[in-house]
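A.B. asks: Supplied in structure tokens, the structure appears directly below.
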Amino acid sequence: MKMSKLFVQTLREFPSDAEVISHKMLARAGYIRKLTSGVYNYLPLMWRVLKKVENIVREEMDRAGAQELLMPFVQPKELWEESGRWDVYGKELMRMKDRHDRIMCLGPTHEEVITSIARDGLKSYKQLPVNLYQIQSKFRDEVRPRYGLLRGREFIMKDAYSFDIDEAGLDKEYENMARAYKRIFERCGLDTKMVQSDSGAIGGSVSHEFMVITDTDAGENDVFYCNDCDYSANSNHAISKLPPAVVDGKDYFNETKVIDTPNTHSIEELSKFLNIPDTLILKTLVYIVDKKPVLALIRADKAVEETKLMNAAGGIDIRIASSAEIAELMTEKGFDAVPGFIGPKGMDGIKIIADETVKDMKNFVVGINETDKHLVGANISDLNLPSDVQYTDIRLVQAGELCPQCGKPLFVTKGIEVGNIFKLGTKYSKPMNAVYLDKNGKSHPYVMGCYGIGISRTAAAAVEAHYDEHGIKWPISIAPYHVVIVPVNIQDELQMKTAEKMYEELLKAGVEVVLDDRDERAGVKFKDADLIGFPYRVTVGKTITEGLVEYKTRATGEVETVTPETAVEHLIEIVKNIK
RNA sequence: CGGGAUGUAGCGCAGUUUGGUAGCGCACCUCGCUUGGGACGAGGGGGUCGCACGUUCGAAUCGUGUCAUCCCGACCA
């Protein structure tokens, strides 16, 4: 490709609306252009990168035994009603009507469609197992798209779905996919950590996410991990053992009684006022899960993990209640307390979920729905709670708590989720009546798994992982081109001739090469080469009179002076060895 | 959906307070000069000032409304 014809416009400055590195770099270097919020044009350089990522994914999926197909982007409402997700998927599902007023949606994921395909085509146990995948655009109407390609509304995803006769088959395929994923991300130049996670709207029991670890804002997930064993989990799923703490208040309270605690609206104020550790306070939080109030009880030094709470409540939407909603709830129950004094006592009819660690608390302090008062020296039995209180893990893990597997302290870091794998079981096959016949002619629902990789997000994550102040440093496996040849002065006949000769030879050898034939000063070409992120740069300058060119490696900054022939040989060798 | 901010040329911005011919830098076109880290000079093209309504002799500027975009909090590849 001649640079003069390459469709790219680099910018002198970062666009003002870009926040994270990958967005800034990709926009400034002319890879992407925003069309509307969360929706991007992939310009020629970007499209080359995306195709490379796709091809790596394709090769590894095929190698793992999966088969590629392509499903429609537009899907009918009826299919989503079959799985039951039409009513639960929420506003991320972009819904619309066609000209006949039939209700349709844009595919945010394809479990329904693939299950409908499978049930038509997979009738016998002899046909199983099968793993089908596609690489396609998805649309999720995110509440707040941001960070460029990292959280777009329209994005490219590889989604695979496996069908097995039983759990054992699924387990095997799950491991198979986990291995394939590891290879895929390695080939894309990304270090990933496979962590346990919540399975969210996709559903199912077990799931893992592949995280690119980062210390920047681009990592939207908190990942807890252990240095002494292999435990690691997304914060929405992480569990821990707690280090010892004061949970029995017998040294502080010798009887159970209501006392005045004026103006103690926060845990901090309350523990200071009573001069007790906050581990002795039972905190009550009001959440709204699927429009209904839920009380969450937890030791006051700990925070609630909302996803866990939502799952425990069996909901699909959760948020903390507003003070107006709390006031309304108090009125409804005949109380007159403000936040800070809310408690579970007398809240019959409201769903109450307590963190399991609450069971260990004795002689603690708790709100009793009376402003400026608390009950001290209390035990659960004093609260007359309804019998259906759930005790389960709803606690947000904090760094320093202990690993659930080996008991050593946990660490926290941020991660970009580039892929995930789910064990779906029969979540879709059952309601959609997708069954096969076994040896005895008996029908069973398929046992399914699903496996996603964000193609566009993976490319963006690669930029987050490989850049410097001058621009992108693509791993060669996914770089848009392998090398740029820069003749310093295109009016210099020898320079230009040498550059063109190398260009032809590299092209012939299958090296993806750009010749910067623009009539620009060298500085401009160097700046653009760094920004765009060509893994290698060959500069043909004055030293060509001595038969030498400069050979520069973008990733390391290493510069060598070699003959054009050597440079060409090097490059051909390197490209041959790209995995 | 709450809270904050911004909409003026492809990009980055000034002008709005105090209404009066729409500007600057980069990018783009032409010519000259220059050629190893975003040179320089001269000339040029490009904008219904987000949109609508209103106030006014006159609106980028004032008012009302609306839309869009971005940032901070709950979702997910």
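Please note that chains go A, B, ... in the order of the structure tokens, that every chain numbers its residues from 1, and that ligands are numbered from 1 in the order shown.
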Applying 12 Å and only C-alpha atoms (C1' of nucleotides), which residues near U8 of chain B remain after dropping the ones on its own chain fewer than 5 positions away? List them as a list in words.
C.D. replies: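 The neighbour list is C13, A14, G15, U16, A22, G23, G47, C49, G50, A60 and U61 of chain B.
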A.B. asks: May I have the selected residues written with C-alpha atoms (C1' of nucleotides), as a PDB file, in the first residue's frame?
C.D. replies:
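Written output follows (part_2.pdb):
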```
ATOM      1  C1'   C B  13     -10.631  26.139  20.103  1.00  0.00           C
ATOM      2  C1'   A B  14     -11.723  31.886  20.637  1.00  0.00           C
ATOM      3  C1'   G B  15     -15.884  35.111  20.058  1.00  0.00           C
ATOM      4  C1'   U B  16     -21.430  35.054  23.866  1.00  0.00           C
ATOM      5  C1'   A B  22     -18.202  34.742  11.726  1.00  0.00           C
ATOM      6  C1'   G B  23     -12.556  34.294  13.526  1.00  0.00           C
ATOM      7  C1'   G B  47     -19.343  26.973   8.471  1.00  0.00           C
ATOM      8  C1'   C B  49     -22.844  29.281  14.834  1.00  0.00           C
ATOM      9  C1'   G B  50     -27.105  21.827  17.096  1.00  0.00           C
ATOM     10  C1'   A B  60     -23.503  32.843  17.458  1.00  0.00           C
ATOM     11  C1'   U B  61     -24.498  36.526  21.487  1.00  0.00           C
TER      12        U B  61
END
```
A.B. asks: Fewer than 6 positions away in the same chain doesn't count, so skip those; otherwise give me all residues within 7 Å of segment 258-264 of chain A, counting only C-alpha atoms (C1' of nucleotides), as a ChimeraX atom specification.
C.D. replies: /A:270,340,372-376
A.B. asks: How would the residues just chosen look if you wrote them out with C-alpha atoms as a PDB file, in the first residue's frame?
C.D. replies:
```pdb
ATOM      1  CA  LEU A 270     -22.761   5.692  65.420  1.00  0.00           C
ATOM      2  CA  GLY A 340     -29.425   5.784  59.719  1.00  0.00           C
ATOM      3  CA  ASP A 372     -32.260   8.870  67.103  1.00  0.00           C
ATOM      4  CA  LYS A 373     -32.540   5.442  68.751  1.00  0.00           C
ATOM      5  CA  HIS A 374     -30.804   2.073  68.398  1.00  0.00           C
ATOM      6  CA  LEU A 375     -31.138  -1.285  70.051  1.00  0.00           C
ATOM      7  CA  VAL A 376     -27.876  -2.392  71.666  1.00  0.00           C
TER       8      VAL A 376
END
```
A.B. asks: Could you work out which residues of chain B fall inside 7 Å of chain A? Count only C-alpha atoms (C1' of nucleotides), and format the result as a ChimeraX atom specification.
C.D. replies: /B:11-12,26,35-38,70,74,77
A.B. asks: Go ahead and save the residues from that selection, with C-alpha atoms (C1' of nucleotides), as a PDB file, in the first residue's frame.
C.D. replies:
```
ATOM      1  C1'   C B  11      -9.957  18.149  14.283  1.00  0.00           C
ATOM      2  C1'   G B  12      -8.682  21.559  18.521  1.00  0.00           C
ATOM      3  C1'   C B  26      -4.073  22.213  12.512  1.00  0.00           C
ATOM      4  C1'   U B  35      13.750  17.529   3.450  1.00  0.00           C
ATOM      5  C1'   G B  36      16.215  12.545   9.784  1.00  0.00           C
ATOM      6  C1'   G B  37      11.266  13.746  14.514  1.00  0.00           C
ATOM      7  C1'   G B  38       4.499  17.197  13.361  1.00  0.00           C
ATOM      8  C1'   C B  70     -19.333  14.115  26.926  1.00  0.00           C
ATOM      9  C1'   A B  74     -26.546   1.325  38.691  1.00  0.00           C
ATOM     10  C1'   A B  77     -18.291  -8.718  25.047  1.00  0.00           C
TER      11        A B  77
END
```
A.B. asks: Can you list, as a ChimeraX atom specification, all residues belonging to segment 253-427 of chain A that DSSP tags as strand (DSSP E)?
C.D. replies: /A:257-260,281-289,292-299,303-304,318-320,351-355,364-367,373-378,390-392,395-396,410-425
A.B. asks: Hey, can you check how far atom CA of Asp438 of chain A sits from atom CA of Ser124 of chain A?
C.D. replies: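 That distance, rounded to one decimal, is 6.6 Å.
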A.B. asks: In Å, with one decimal, what is the gap from atom CA of His208 of chain A to atom CA of Gln405 of chain A?
C.D. replies: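 Atom CA of Gln405 of chain A lies 16.9 Å from atom CA of His208 of chain A.
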A.B. asks: In Å, how far is it from atom CA of Pro293 of chain A to atom CA of Ile350 of chain A?
C.D. replies: 6.8 Å
A.B. asks: Skipping near chain neighbours, those fewer than 3 positions away, what residues fall within 12 Å of G4 of chain B using only C-alpha atoms (C1' of nucleotides), listed as a list in words?
C.D. replies: C70, C71, C72 and G73 of chain B
A.B. asks: Per DSSP on the backbone, what are the alpha helix (DSSP H) residues of segment 176-388 of chain A, as a count of residues only?
C.D. replies: 38
A.B. asks: Using only C-alpha atoms (C1' of nucleotides), which residue out of B:C1, B:C53, B:C62, B:A9 lies closest to C28 of chain B?
C.D. replies: B:A9
